[in-house]
Every structure is written in C-alpha cells, then in structure tokens.
file protein34.txt (compact mmCIF, C-alpha atoms)
# COMPACT_ATOMS: atom_id res chain seq x y z
CA MET A 704 21.77 0.89 -11.56
CA ALA A 705 18.02 1.35 -11.10
CA TYR A 706 15.95 -1.81 -11.24
CA THR A 707 12.43 -2.16 -12.67
CA ARG A 708 9.06 -2.78 -11.08
CA LYS A 709 6.68 -4.40 -13.56
CA ASP A 710 2.93 -4.59 -14.03
CA VAL A 711 1.99 -7.90 -12.36
CA SER A 712 -0.04 -8.92 -15.43
CA THR A 713 3.17 -8.94 -17.52
CA LEU A 714 5.23 -11.21 -15.25
CA THR A 715 6.58 -14.39 -16.82
CA ARG A 716 5.97 -17.77 -15.22
CA SER A 717 9.51 -17.71 -13.85
CA GLU A 718 9.13 -14.17 -12.43
CA LYS A 719 5.92 -15.16 -10.64
CA ARG A 720 7.57 -18.24 -9.19
CA ARG A 721 10.61 -16.30 -7.99
CA PHE A 722 8.48 -13.55 -6.41
CA VAL A 723 6.32 -16.06 -4.52
CA LYS A 724 9.32 -18.10 -3.43
CA ALA A 725 11.10 -15.01 -2.09
CA LEU A 726 7.98 -13.88 -0.18
CA LEU A 727 7.61 -17.31 1.41
CA GLU A 728 11.28 -17.31 2.42
CA VAL A 729 11.03 -13.85 4.02
CA LYS A 730 8.01 -15.18 5.92
CA ARG A 731 9.88 -18.35 6.96
CA ARG A 732 12.75 -16.26 8.33
CA GLY A 733 10.34 -14.31 10.55
CA GLU A 734 11.07 -11.02 8.79
CA TYR A 735 7.64 -10.72 7.21
CA ASP A 736 5.84 -10.58 10.54
CA GLU A 737 8.02 -7.59 11.48
CA PHE A 738 6.48 -5.71 8.57
CA VAL A 739 3.00 -6.56 9.83
CA ARG A 740 3.89 -5.35 13.33
CA THR A 741 5.33 -2.10 11.97
CA HIS A 742 2.21 -1.29 9.97
CA ILE A 743 -0.06 -2.03 12.94
CA GLU A 744 2.08 0.21 15.16
CA TYR A 745 2.08 3.15 12.75
CA TYR A 746 -1.57 2.91 11.71
CA VAL A 747 -2.62 5.92 13.78
CA SER A 748 -5.94 7.59 12.99
CA ASP A 749 -7.16 11.17 13.34
CA GLY A 750 -8.99 10.28 16.52
CA GLU A 751 -5.86 9.10 18.32
CA ASP A 752 -3.23 11.24 20.00
CA GLY A 753 0.34 11.57 18.80
CA LEU A 754 2.20 11.61 15.51
CA ARG A 755 0.50 10.23 12.39
CA THR A 756 2.86 9.01 9.70
CA ALA A 757 1.42 6.03 7.79
CA HIS A 758 -2.19 7.11 7.27
CA MET A 759 -4.51 10.11 7.36
CA ALA A 760 -1.52 12.43 6.97
CA PRO A 761 0.67 13.97 4.25
CA SER A 762 3.36 11.34 4.82
CA PHE A 763 1.04 8.53 3.66
CA LEU A 764 2.93 8.36 0.35
CA PRO A 765 6.59 8.68 1.44
CA TRP A 766 5.98 6.39 4.44
CA HIS A 767 4.70 3.59 2.25
CA ARG A 768 7.44 4.21 -0.32
CA ARG A 769 10.07 3.57 2.34
CA PHE A 770 8.07 0.62 3.69
CA LEU A 771 7.94 -0.93 0.21
CA LEU A 772 11.68 -0.46 -0.21
CA ASP A 773 12.32 -2.29 3.06
CA LEU A 774 10.25 -5.27 1.90
CA GLU A 775 11.88 -5.20 -1.52
CA GLU A 776 15.33 -5.20 0.08
CA ALA A 777 14.33 -8.26 2.13
CA LEU A 778 13.09 -10.03 -1.01
CA ARG A 779 16.25 -9.16 -2.94
CA ARG A 780 18.42 -10.59 -0.16
CA VAL A 781 16.73 -13.88 -1.00
CA ASP A 782 16.77 -13.44 -4.79
CA SER A 783 18.40 -10.38 -6.36
CA SER A 784 16.23 -10.71 -9.48
CA VAL A 785 13.00 -10.05 -7.58
CA THR A 786 11.22 -6.70 -7.46
CA VAL A 787 7.73 -5.81 -6.22
CA PRO A 788 5.24 -5.83 -9.10
CA TYR A 789 2.31 -3.43 -9.17
CA TRP A 790 -1.38 -4.25 -9.59
CA ASP A 791 -3.22 -1.75 -11.78
CA TRP A 792 -6.72 -2.15 -10.37
CA THR A 793 -8.19 0.10 -13.05
CA LYS A 794 -7.23 -2.55 -15.62
CA ASP A 795 -7.23 -5.96 -13.89
CA ARG A 796 -10.63 -5.78 -12.23
CA SER A 797 -12.14 -9.24 -11.94
CA THR A 798 -11.95 -11.67 -9.01
CA THR A 799 -10.25 -14.27 -11.21
CA SER A 800 -7.78 -12.16 -13.22
CA THR A 801 -4.19 -11.41 -12.25
CA PRO A 802 -3.08 -11.31 -9.43
CA TRP A 803 -5.76 -13.75 -8.13
CA THR A 804 -4.41 -16.84 -9.88
CA ALA A 805 -3.22 -20.09 -8.33
CA ASP A 806 0.36 -19.48 -9.45
CA LEU A 807 0.52 -16.06 -7.77
CA LEU A 808 -1.65 -14.88 -4.85
CA GLY A 809 -4.50 -17.38 -4.99
CA GLY A 810 -8.14 -16.39 -5.10
CA THR A 811 -10.95 -15.21 -2.88
CA GLY A 812 -11.93 -16.87 0.39
CA ARG A 813 -14.59 -19.52 0.78
CA ARG A 814 -18.07 -18.27 1.61
CA SER A 815 -18.34 -19.67 5.15
CA ASP A 816 -15.33 -17.96 6.77
CA HIS A 817 -13.51 -16.20 3.88
CA ARG A 818 -10.50 -18.48 4.30
CA VAL A 819 -8.25 -18.50 1.23
CA THR A 820 -7.97 -22.09 0.01
CA THR A 821 -6.09 -21.69 -3.28
CA GLY A 822 -2.58 -20.61 -4.17
CA PRO A 823 0.70 -20.62 -2.24
CA PHE A 824 -0.61 -18.46 0.63
CA ALA A 825 -3.51 -20.74 1.53
CA TYR A 826 -3.36 -21.87 5.17
CA ALA A 827 -3.45 -25.56 4.21
CA GLU A 828 -0.16 -25.17 2.36
CA GLY A 829 1.50 -24.61 5.73
CA ASN A 830 3.65 -21.64 4.69
CA TRP A 831 1.47 -18.64 5.57
CA THR A 832 0.22 -18.67 9.16
CA LEU A 833 -0.88 -15.24 10.42
CA LYS A 834 1.04 -14.53 13.63
CA GLU A 835 0.57 -10.78 13.97
CA ASN A 836 -3.03 -9.71 13.71
CA VAL A 837 -5.84 -7.68 15.25
CA THR A 838 -7.90 -10.89 15.58
CA ASP A 839 -7.11 -14.51 16.49
CA THR A 840 -7.42 -15.74 12.91
CA GLU A 841 -4.37 -17.74 11.78
CA TYR A 842 -5.39 -18.11 8.15
CA LEU A 843 -5.44 -15.56 5.33
CA THR A 844 -8.92 -14.25 4.51
CA ARG A 845 -10.38 -12.45 1.49
CA ASP A 846 -13.80 -11.49 0.19
CA LEU A 847 -12.99 -10.20 -3.28
CA GLY A 848 -15.67 -7.80 -4.48
CA ARG A 849 -17.69 -8.35 -1.27
CA ALA A 850 -20.13 -10.99 -2.58
CA GLY A 851 -22.73 -10.18 0.09
CA ASP A 852 -22.61 -6.42 -0.49
CA PRO A 853 -20.94 -5.88 -3.88
CA LEU A 854 -18.34 -3.16 -4.27
CA GLU A 855 -16.57 -2.08 -7.45
CA LEU A 856 -12.88 -1.27 -7.72
CA PRO A 857 -12.00 2.36 -8.49
CA GLY A 858 -11.87 3.18 -12.20
CA ARG A 859 -9.79 5.48 -14.34
CA SER A 860 -12.11 8.43 -13.71
CA ASP A 861 -11.57 8.01 -9.94
CA LEU A 862 -7.82 8.19 -10.49
CA GLU A 863 -8.07 11.18 -12.81
CA TRP A 864 -10.03 13.03 -10.13
CA ALA A 865 -7.03 12.60 -7.82
CA LEU A 866 -4.25 13.05 -10.39
CA ASP A 867 -5.74 16.30 -11.71
CA ASP A 868 -5.38 18.09 -8.37
CA PRO A 869 -2.21 20.23 -8.62
CA VAL A 870 -1.69 20.54 -4.85
CA TYR A 871 -0.10 17.70 -2.86
CA ASP A 872 -2.03 18.22 0.40
CA THR A 873 -3.77 20.96 2.37
CA ALA A 874 -4.59 21.91 5.96
CA PRO A 875 -5.74 20.44 8.27
CA TRP A 876 -3.56 17.65 6.82
CA ASP A 877 -5.82 14.77 7.87
CA SER A 878 -8.67 12.54 6.65
CA THR A 879 -11.13 15.42 6.46
CA VAL A 880 -9.44 17.46 3.70
CA ARG A 881 -11.39 17.66 0.46
CA LYS A 882 -8.65 19.13 -1.72
CA GLY A 883 -5.16 17.87 -2.46
CA PHE A 884 -3.83 14.81 -4.27
CA ARG A 885 -2.79 12.89 -1.15
CA ASN A 886 -6.20 12.39 0.42
CA LYS A 887 -7.97 12.05 -2.92
CA LEU A 888 -5.66 9.11 -3.58
CA GLU A 889 -5.64 7.74 -0.02
CA GLY A 890 -9.41 7.91 -0.19
CA TRP A 891 -11.04 9.25 2.97
CA GLY A 892 -14.35 10.68 1.74
CA THR A 893 -17.58 11.96 3.18
CA GLY A 894 -20.66 9.97 4.13
CA ARG A 895 -20.93 6.44 5.45
CA GLY A 896 -20.05 3.07 3.99
CA SER A 897 -18.90 2.42 0.45
CA VAL A 898 -19.51 5.96 -0.86
CA SER A 899 -16.86 7.26 1.55
CA TRP A 900 -14.12 4.91 0.31
CA ARG A 901 -12.19 6.26 -2.64
CA ASN A 902 -9.19 4.93 -4.59
CA HIS A 903 -6.64 3.34 -2.19
CA ASN A 904 -9.15 2.80 0.62
CA ARG A 905 -11.75 1.30 -1.70
CA VAL A 906 -9.26 -1.28 -2.97
CA HIS A 907 -8.55 -2.44 0.59
CA ARG A 908 -12.31 -2.83 1.13
CA TRP A 909 -12.80 -4.60 -2.22
CA VAL A 910 -10.21 -7.23 -1.30
CA GLY A 911 -11.73 -7.53 2.16
CA GLY A 912 -10.70 -10.00 4.86
CA ALA A 913 -7.17 -9.40 6.12
CA MET A 914 -6.79 -6.32 3.91
CA VAL A 915 -9.21 -4.33 6.07
CA GLY A 916 -7.41 -2.62 8.97
CA GLY A 917 -3.94 -2.17 10.36
CA ALA A 918 -2.87 -5.77 9.81
CA SER A 919 -3.51 -5.56 6.05
CA VAL A 920 0.15 -6.43 5.36
CA ASN A 921 -0.79 -10.06 6.16
CA ASP A 922 -2.15 -10.26 2.60
CA PRO A 923 0.73 -10.12 0.09
CA VAL A 924 -1.50 -8.12 -2.27
CA PHE A 925 -0.83 -5.19 0.07
CA TRP A 926 2.56 -4.70 -1.62
CA LEU A 927 1.21 -4.92 -5.18
CA HIS A 928 -1.52 -2.43 -4.29
CA HIS A 929 0.89 0.03 -2.70
CA ALA A 930 3.38 -0.31 -5.56
CA PHE A 931 0.62 0.99 -7.85
CA VAL A 932 -0.18 3.79 -5.38
CA ASP A 933 3.53 4.64 -5.41
CA LEU A 934 3.55 4.70 -9.22
CA LEU A 935 0.58 7.07 -9.14
CA TRP A 936 2.54 9.50 -6.97
CA SER A 937 5.26 9.48 -9.65
CA ARG A 938 2.68 10.12 -12.36
CA TRP A 939 1.21 13.01 -10.38
CA GLN A 940 4.66 14.57 -9.98
CA ALA A 941 5.29 14.29 -13.72
CA ARG A 942 1.90 15.77 -14.57
CA HIS A 943 2.36 18.78 -12.30
CA GLY A 944 5.94 19.71 -13.07
CA GLY A 945 7.54 18.12 -10.06
CA ALA A 946 5.10 19.61 -7.53
CA ARG A 947 6.41 19.12 -4.01
CA TYR A 948 5.36 17.41 -0.81
CA LEU A 949 3.41 19.63 1.58
CA PRO A 950 3.58 20.97 4.22
CA ALA A 951 7.02 22.39 3.58
CA GLU A 952 7.23 23.62 7.19
CA PRO A 953 5.72 22.23 10.44
CA PRO A 954 2.34 23.67 11.54
CA GLY A 955 2.71 26.74 13.75
CA ARG A 956 2.12 27.07 17.46
CA GLY A 957 -1.54 26.78 18.32
CA SER A 958 -2.28 24.44 15.40
CA ALA A 959 -4.06 21.21 16.34
CA GLN A 960 -1.75 19.43 13.90
CA ARG A 961 1.51 20.64 15.47
CA GLY A 962 3.56 17.59 16.41
CA ARG A 963 1.06 15.31 14.70
CA ILE A 964 2.31 15.37 11.10
CA VAL A 965 5.69 15.30 9.34
CA ALA A 966 6.82 18.32 7.31
CA ARG A 967 9.01 18.02 4.21
CA HIS A 968 12.38 18.14 5.98
CA GLU A 969 11.43 16.39 9.22
CA ARG A 970 12.38 12.82 10.10
CA LEU A 971 9.80 10.22 9.11
CA PRO A 972 9.58 7.50 11.82
CA PRO A 973 10.56 4.74 12.13
CA TRP A 974 13.36 5.66 9.69
CA ASP A 975 16.07 8.29 9.70
CA VAL A 976 14.81 9.76 6.42
CA THR A 977 12.70 12.76 5.40
CA PRO A 978 9.83 13.06 2.89
CA ASP A 979 12.14 15.34 0.88
CA GLU A 980 14.63 12.50 0.48
CA LEU A 981 11.91 10.12 -0.70
CA GLU A 982 10.33 12.29 -3.39
CA ASP A 983 12.63 11.00 -6.17
CA HIS A 984 13.07 7.23 -6.56
CA SER A 985 14.66 7.29 -10.03
CA ARG A 986 18.12 6.29 -8.82
CA ILE A 987 16.72 3.20 -7.06
CA TYR A 988 13.92 1.87 -9.27
CA ARG A 989 11.68 2.75 -12.17
CA TYR A 990 8.31 1.50 -13.40
CA ALA A 991 7.71 -0.39 -16.63
call {"tool": "encode", "arguments": {"input": "protein34.txt", "output": "structure tokens"}}
result
Amino acid sequence: MAYTRKDVSTLTRSEKRRFVKALLEVKRRGEYDEFVRTHIEYYVSDGEDGLRTAHMAPSFLPWHRRFLLDLEEALRRVDSSVTVPYWDWTKDRSTTSTPWTADLLGGTGRRSDHRVTTGPFAYAEGNWTLKENVTDTEYLTRDLGRAGDPLELPGRSDLEWALDDPVYDTAPWDSTVRKGFRNKLEGWGTGRGSVSWRNHNRVHRWVGGAMVGGASVNDPVFWLHHAFVDLLWSRWQARHGGARYLPAEPPGRGSAQRGRIVARHERLPPWDVTPDELEDHSRIYRYA
C-alpha cells in the first residue's frame, strides 16, 4: 500500500510533532550522521575525477530519490505514521512561514554567526550537534534570504522553464549543459554568483549556512527541499508522456564522460539499484 507525502504547510500539529520526534530519534541513534557522511562522499563535482552520481550528472534525481527513501525508512522504523513532507518554495516563500516555525524546523540564524536559536534543532536544545561537517561548526546555521546580500527563492516561472523541456538530459551530461530538464532543475547556470543559481541550487543558497555544500544534509530542510524536487520529477514525467531517464546507454569509448556517469540500466552507487528501477515510485509513495 503506497503511503502519502504531504505539503509541509498542510501538516497537522500532531504530524509536525511526530516528524520532528522521529528525526531527533534517528539523530540520537547515530543513523542521521551516516546520511550526512554519504552525501559528503558522493558530492563529486565536474572538476574531480571519477564517477559522479549525486550531483552535476543525470543521476541527480534518482540518486536523491533513493537517498530520500533511505531516510524515510529510518524515520518509519521509529514511527510508521511518518513520511517526509515537501516544501513548495514557489508558494511558501517568506523567512517566517512554514517550514521555519518554532514547532517544525525553527527559523533563521542570528546575525553574528548564523547560529539557529529557535525550534527543536537549535544547538541549545542539546539534540542536534553537527558531527559530520566540512567545517568545525557544531551548531546548525542558516541565513534565510541572505540578509546581507538578498536572494529570492525561485518562482513558478523558473520551474516552468525547467518543466517545459521535453528531454531529460543531454551530452556532455554535466553542469555545463544548457538543455534538458535535469540541469535546468538542478540549477547550474552561466555567469557568476546569484545569477548562475537556478531552482534547486538557488534554494540551497537562499537557506544558506549548513545548506551550502556537501554537508547540507545537516539541515533537516534538505529532505523537505528534495522531496519537492522529487515531486517535480514526477510532474515532468506526467507532462511529457513518461519521458525516460537519459542516457539510455553509457557514453562510448573516447568520451570524456565514459565511466563518469550512470546510464539508465547501470548500478547507481552506493546502492544495488538502477535509474530505470527508480523512475516509478507509485507503488511506494504518492504525493498529496
């Protein structure tokens, strides 16, 4: 029986409490930090050697779909009623709206050091110490909207620009492609600074603090953000008649991308699963 992922703004008081409680328990058990380590390990950029699976590659979407399922399974081992809600950042756009409330994720960080001081994930609460990070910071940080250099969240027109593209991805299958749904959604653009961050990437930058970089999983909003990204993949498939993941076959000999990306029927590390097997989630969950 498929379960339902809800819009975070529609959660009841009890659903919010259960979601937070399950997250804190997964953290207490030490499982949460494994997710942070995994994302850091698989955050491989174009400029690095080796296989890219999590980012700057066609497998950005199936990789995070499987990653979300792993976290959801951990949460549901704690409380079988819990699912990962999604944050529609084209709708809930202020620094004080859902999910930035004291009964859910807490708010932005204080001006001096961006430390989050409200909500259940505030360092002072004693339940959310950052143990896996790219810096020495032990407390969760945020800079919602980047007060010193304001940045707006992507809007509906930004999403339509991505959703309208009928092709999943194109060569050279990296952060430089200008056509294809995957990178238009992932958001690697041209230029420098804020103009180069589109959709998914811009949201990470808008949240700021811990959400910038490979250790972004340290902020629980990571999961709500990626649940919405996952929903958008489903919407794109529906809009384009079930258009498929590309590339269907591995790049040929002589291609700079050979051995660096995952084709449709190839194994997607660190799991024994293929992008093909992750294209349809309808038997596992649906979106409300």
call {"tool": "closest_atom_pairs", "arguments": {"input": "protein34.txt", "of": "segment 813-913 of chain A", "to": "segment 742-761 of chain A", "cutoff": "7 Å", "atoms": "all atoms listed in the file", "output": "JSON lines"}}
result
{"residue": "A:Asp872", "atom": "CA", "partner": "A:Pro761", "partner_atom": "CA", "distance": 6.3}
{"residue": "A:Trp876", "atom": "CA", "partner": "A:Ala760", "partner_atom": "CA", "distance": 5.6}
{"residue": "A:Asp877", "atom": "CA", "partner": "A:Met759", "partner_atom": "CA", "distance": 4.9}
{"residue": "A:Ser878", "atom": "CA", "partner": "A:Met759", "partner_atom": "CA", "distance": 4.9}
{"residue": "A:Arg885", "atom": "CA", "partner": "A:Pro761", "partner_atom": "CA", "distance": 6.5}
call {"tool": "closest_residue", "arguments": {"input": "protein34.txt", "among": "A:Asp795, A:Asp868, A:Asp782, A:Glu841", "to": "Glu855 of chain A", "atoms": "all atoms listed in the file"}}
result
A:Asp795
call {"tool": "closest_residue", "arguments": {"input": "protein34.txt", "among": "A:Thr793, A:Thr811, A:Ser937, A:Ser800", "to": "Leu866 of chain A", "atoms": "only C-alpha atoms"}}
result
A:Ser937
call {"tool": "residues_around", "arguments": {"input": "protein34.txt", "residues": "Ala874 of chain A", "least_positions_apart": "3", "cutoff": "9 Å", "atoms": "all atoms listed in the file", "output": "list of chain:residue names"}}
result
A:Asp877, A:Val880, A:Pro950, A:Gln960
call {"tool": "residues_around", "arguments": {"input": "protein34.txt", "residues": "segment 897-907 of chain A", "least_positions_apart": "6", "cutoff": "8 Å", "atoms": "all atoms listed in the file", "output": "PyMOL selection string"}}
result
chain A and resi 792+854+856-857+861-862+887-891+914-915+928+932
call {"tool": "decode", "arguments": {"input": "protein34.txt", "residues": "segment 719-751 of chain A", "atoms": "N, CA, C and O atoms", "output": "mmCIF file, in the first residue's frame"}}
result
data_model
loop_
_atom_site.group_PDB
_atom_site.id
_atom_site.type_symbol
_atom_site.label_atom_id
_atom_site.label_comp_id
_atom_site.auth_asym_id
_atom_site.auth_seq_id
_atom_site.Cartn_x
_atom_site.Cartn_y
_atom_site.Cartn_z
ATOM 1 N N LYS A 719 3.372 17.279 12.605
ATOM 2 C CA LYS A 719 4.629 18.012 12.789
ATOM 3 C C LYS A 719 5.410 17.437 13.960
ATOM 4 O O LYS A 719 6.618 17.201 13.861
ATOM 5 N N ARG A 720 4.723 17.226 15.066
ATOM 6 C CA ARG A 720 5.373 16.721 16.270
ATOM 7 C C ARG A 720 5.974 15.335 16.025
ATOM 8 O O ARG A 720 7.113 15.058 16.442
ATOM 9 N N ARG A 721 5.253 14.478 15.350
ATOM 10 C CA ARG A 721 5.739 13.127 15.080
ATOM 11 C C ARG A 721 6.941 13.139 14.133
ATOM 12 O O ARG A 721 7.897 12.380 14.323
ATOM 13 N N PHE A 722 6.894 13.999 13.122
ATOM 14 C CA PHE A 722 8.011 14.111 12.174
ATOM 15 C C PHE A 722 9.272 14.582 12.890
ATOM 16 O O PHE A 722 10.352 13.996 12.732
ATOM 17 N N VAL A 723 9.159 15.631 13.682
ATOM 18 C CA VAL A 723 10.310 16.159 14.425
ATOM 19 C C VAL A 723 10.843 15.116 15.402
ATOM 20 O O VAL A 723 12.053 14.881 15.490
ATOM 21 N N LYS A 724 9.962 14.473 16.116
ATOM 22 C CA LYS A 724 10.375 13.476 17.104
ATOM 23 C C LYS A 724 11.122 12.321 16.445
ATOM 24 O O LYS A 724 12.143 11.839 16.965
ATOM 25 N N ALA A 725 10.635 11.876 15.283
ATOM 26 C CA ALA A 725 11.300 10.786 14.573
ATOM 27 C C ALA A 725 12.682 11.212 14.079
ATOM 28 O O ALA A 725 13.650 10.450 14.167
ATOM 29 N N LEU A 726 12.795 12.434 13.550
ATOM 30 C CA LEU A 726 14.096 12.941 13.103
ATOM 31 C C LEU A 726 15.090 12.984 14.263
ATOM 32 O O LEU A 726 16.254 12.559 14.116
ATOM 33 N N LEU A 727 14.650 13.487 15.399
ATOM 34 C CA LEU A 727 15.539 13.587 16.554
ATOM 35 C C LEU A 727 15.971 12.205 17.043
ATOM 36 O O LEU A 727 17.109 12.022 17.484
ATOM 37 N N GLU A 728 15.085 11.223 16.941
ATOM 38 C CA GLU A 728 15.434 9.868 17.361
ATOM 39 C C GLU A 728 16.434 9.233 16.400
ATOM 40 O O GLU A 728 17.379 8.555 16.828
ATOM 41 N N VAL A 729 16.255 9.441 15.094
ATOM 42 C CA VAL A 729 17.214 8.928 14.112
ATOM 43 C C VAL A 729 18.591 9.565 14.350
ATOM 44 O O VAL A 729 19.623 8.896 14.239
ATOM 45 N N LYS A 730 18.589 10.830 14.715
ATOM 46 C CA LYS A 730 19.839 11.520 15.053
ATOM 47 C C LYS A 730 20.449 10.923 16.322
ATOM 48 O O LYS A 730 21.657 10.646 16.378
ATOM 49 N N ARG A 731 19.629 10.699 17.349
ATOM 50 C CA ARG A 731 20.119 10.153 18.621
ATOM 51 C C ARG A 731 20.748 8.777 18.424
ATOM 52 O O ARG A 731 21.751 8.443 19.060
ATOM 53 N N ARG A 732 20.189 7.996 17.525
ATOM 54 C CA ARG A 732 20.701 6.646 17.276
ATOM 55 C C ARG A 732 22.004 6.644 16.478
ATOM 56 O O ARG A 732 22.627 5.599 16.302
ATOM 57 N N GLY A 733 22.408 7.795 15.954
ATOM 58 C CA GLY A 733 23.634 7.878 15.166
ATOM 59 C C GLY A 733 23.429 7.618 13.685
ATOM 60 O O GLY A 733 24.373 7.722 12.898
ATOM 61 N N GLU A 734 22.201 7.281 13.306
ATOM 62 C CA GLU A 734 21.918 6.979 11.895
ATOM 63 C C GLU A 734 21.956 8.231 11.025
ATOM 64 O O GLU A 734 22.379 8.186 9.872
ATOM 65 N N TYR A 735 21.510 9.353 11.591
ATOM 66 C CA TYR A 735 21.417 10.566 10.780
ATOM 67 C C TYR A 735 22.783 11.000 10.255
ATOM 68 O O TYR A 735 22.914 11.405 9.100
ATOM 69 N N ASP A 736 23.791 10.890 11.096
ATOM 70 C CA ASP A 736 25.130 11.317 10.679
ATOM 71 C C ASP A 736 25.676 10.455 9.543
ATOM 72 O O ASP A 736 26.529 10.907 8.773
ATOM 73 N N GLU A 737 25.173 9.227 9.415
ATOM 74 C CA GLU A 737 25.556 8.384 8.280
ATOM 75 C C GLU A 737 25.047 8.987 6.974
ATOM 76 O O GLU A 737 25.726 8.935 5.943
ATOM 77 N N PHE A 738 23.861 9.564 7.023
ATOM 78 C CA PHE A 738 23.323 10.220 5.829
ATOM 79 C C PHE A 738 24.183 11.425 5.435
ATOM 80 O O PHE A 738 24.430 11.656 4.249
ATOM 81 N N VAL A 739 24.622 12.179 6.433
ATOM 82 C CA VAL A 739 25.492 13.322 6.144
ATOM 83 C C VAL A 739 26.788 12.851 5.507
ATOM 84 O O VAL A 739 27.238 13.405 4.498
ATOM 85 N N ARG A 740 27.381 11.806 6.066
ATOM 86 C CA ARG A 740 28.647 11.271 5.524
ATOM 87 C C ARG A 740 28.474 10.794 4.090
ATOM 88 O O ARG A 740 29.339 11.016 3.236
ATOM 89 N N THR A 741 27.350 10.121 3.825
ATOM 90 C CA THR A 741 27.100 9.605 2.474
ATOM 91 C C THR A 741 27.019 10.739 1.468
ATOM 92 O O THR A 741 27.612 10.675 0.377
ATOM 93 N N HIS A 742 26.297 11.795 1.802
ATOM 94 C CA HIS A 742 26.145 12.908 0.864
ATOM 95 C C HIS A 742 27.478 13.611 0.620
ATOM 96 O O HIS A 742 27.799 13.987 -0.513
ATOM 97 N N ILE A 743 28.274 13.773 1.663
ATOM 98 C CA ILE A 743 29.602 14.380 1.501
ATOM 99 C C ILE A 743 30.450 13.525 0.565
ATOM 100 O O ILE A 743 31.111 14.037 -0.350
ATOM 101 N N GLU A 744 30.397 12.206 0.762
ATOM 102 C CA GLU A 744 31.214 11.287 -0.042
ATOM 103 C C GLU A 744 30.826 11.324 -1.515
ATOM 104 O O GLU A 744 31.686 11.264 -2.401
ATOM 105 N N TYR A 745 29.532 11.423 -1.797
ATOM 106 C CA TYR A 745 29.071 11.325 -3.178
ATOM 107 C C TYR A 745 28.843 12.694 -3.843
ATOM 108 O O TYR A 745 28.396 12.753 -4.985
ATOM 109 N N TYR A 746 29.191 13.757 -3.139
ATOM 110 C CA TYR A 746 29.130 15.086 -3.746
ATOM 111 C C TYR A 746 30.416 15.288 -4.545
ATOM 112 O O TYR A 746 31.393 15.849 -4.062
ATOM 113 N N VAL A 747 30.412 14.798 -5.764
ATOM 114 C CA VAL A 747 31.579 14.863 -6.648
ATOM 115 C C VAL A 747 31.268 15.839 -7.773
ATOM 116 O O VAL A 747 30.237 15.718 -8.439
ATOM 117 N N SER A 748 32.136 16.820 -7.984
ATOM 118 C CA SER A 748 31.872 17.844 -8.993
ATOM 119 C C SER A 748 32.519 17.515 -10.327
ATOM 120 O O SER A 748 33.320 16.584 -10.444
ATOM 121 N N ASP A 749 32.180 18.307 -11.334
ATOM 122 C CA ASP A 749 32.755 18.135 -12.670
ATOM 123 C C ASP A 749 34.277 18.151 -12.659
ATOM 124 O O ASP A 749 34.927 17.463 -13.429
ATOM 125 N N GLY A 750 34.828 18.981 -11.800
ATOM 126 C CA GLY A 750 36.276 19.168 -11.792
ATOM 127 C C GLY A 750 37.054 18.046 -11.139
ATOM 128 O O GLY A 750 38.286 18.033 -11.190
ATOM 129 N N GLU A 751 36.363 17.112 -10.509
ATOM 130 C CA GLU A 751 37.023 15.989 -9.852
ATOM 131 C C GLU A 751 37.005 14.770 -10.767
ATOM 132 O O GLU A 751 36.190 14.654 -11.672
#
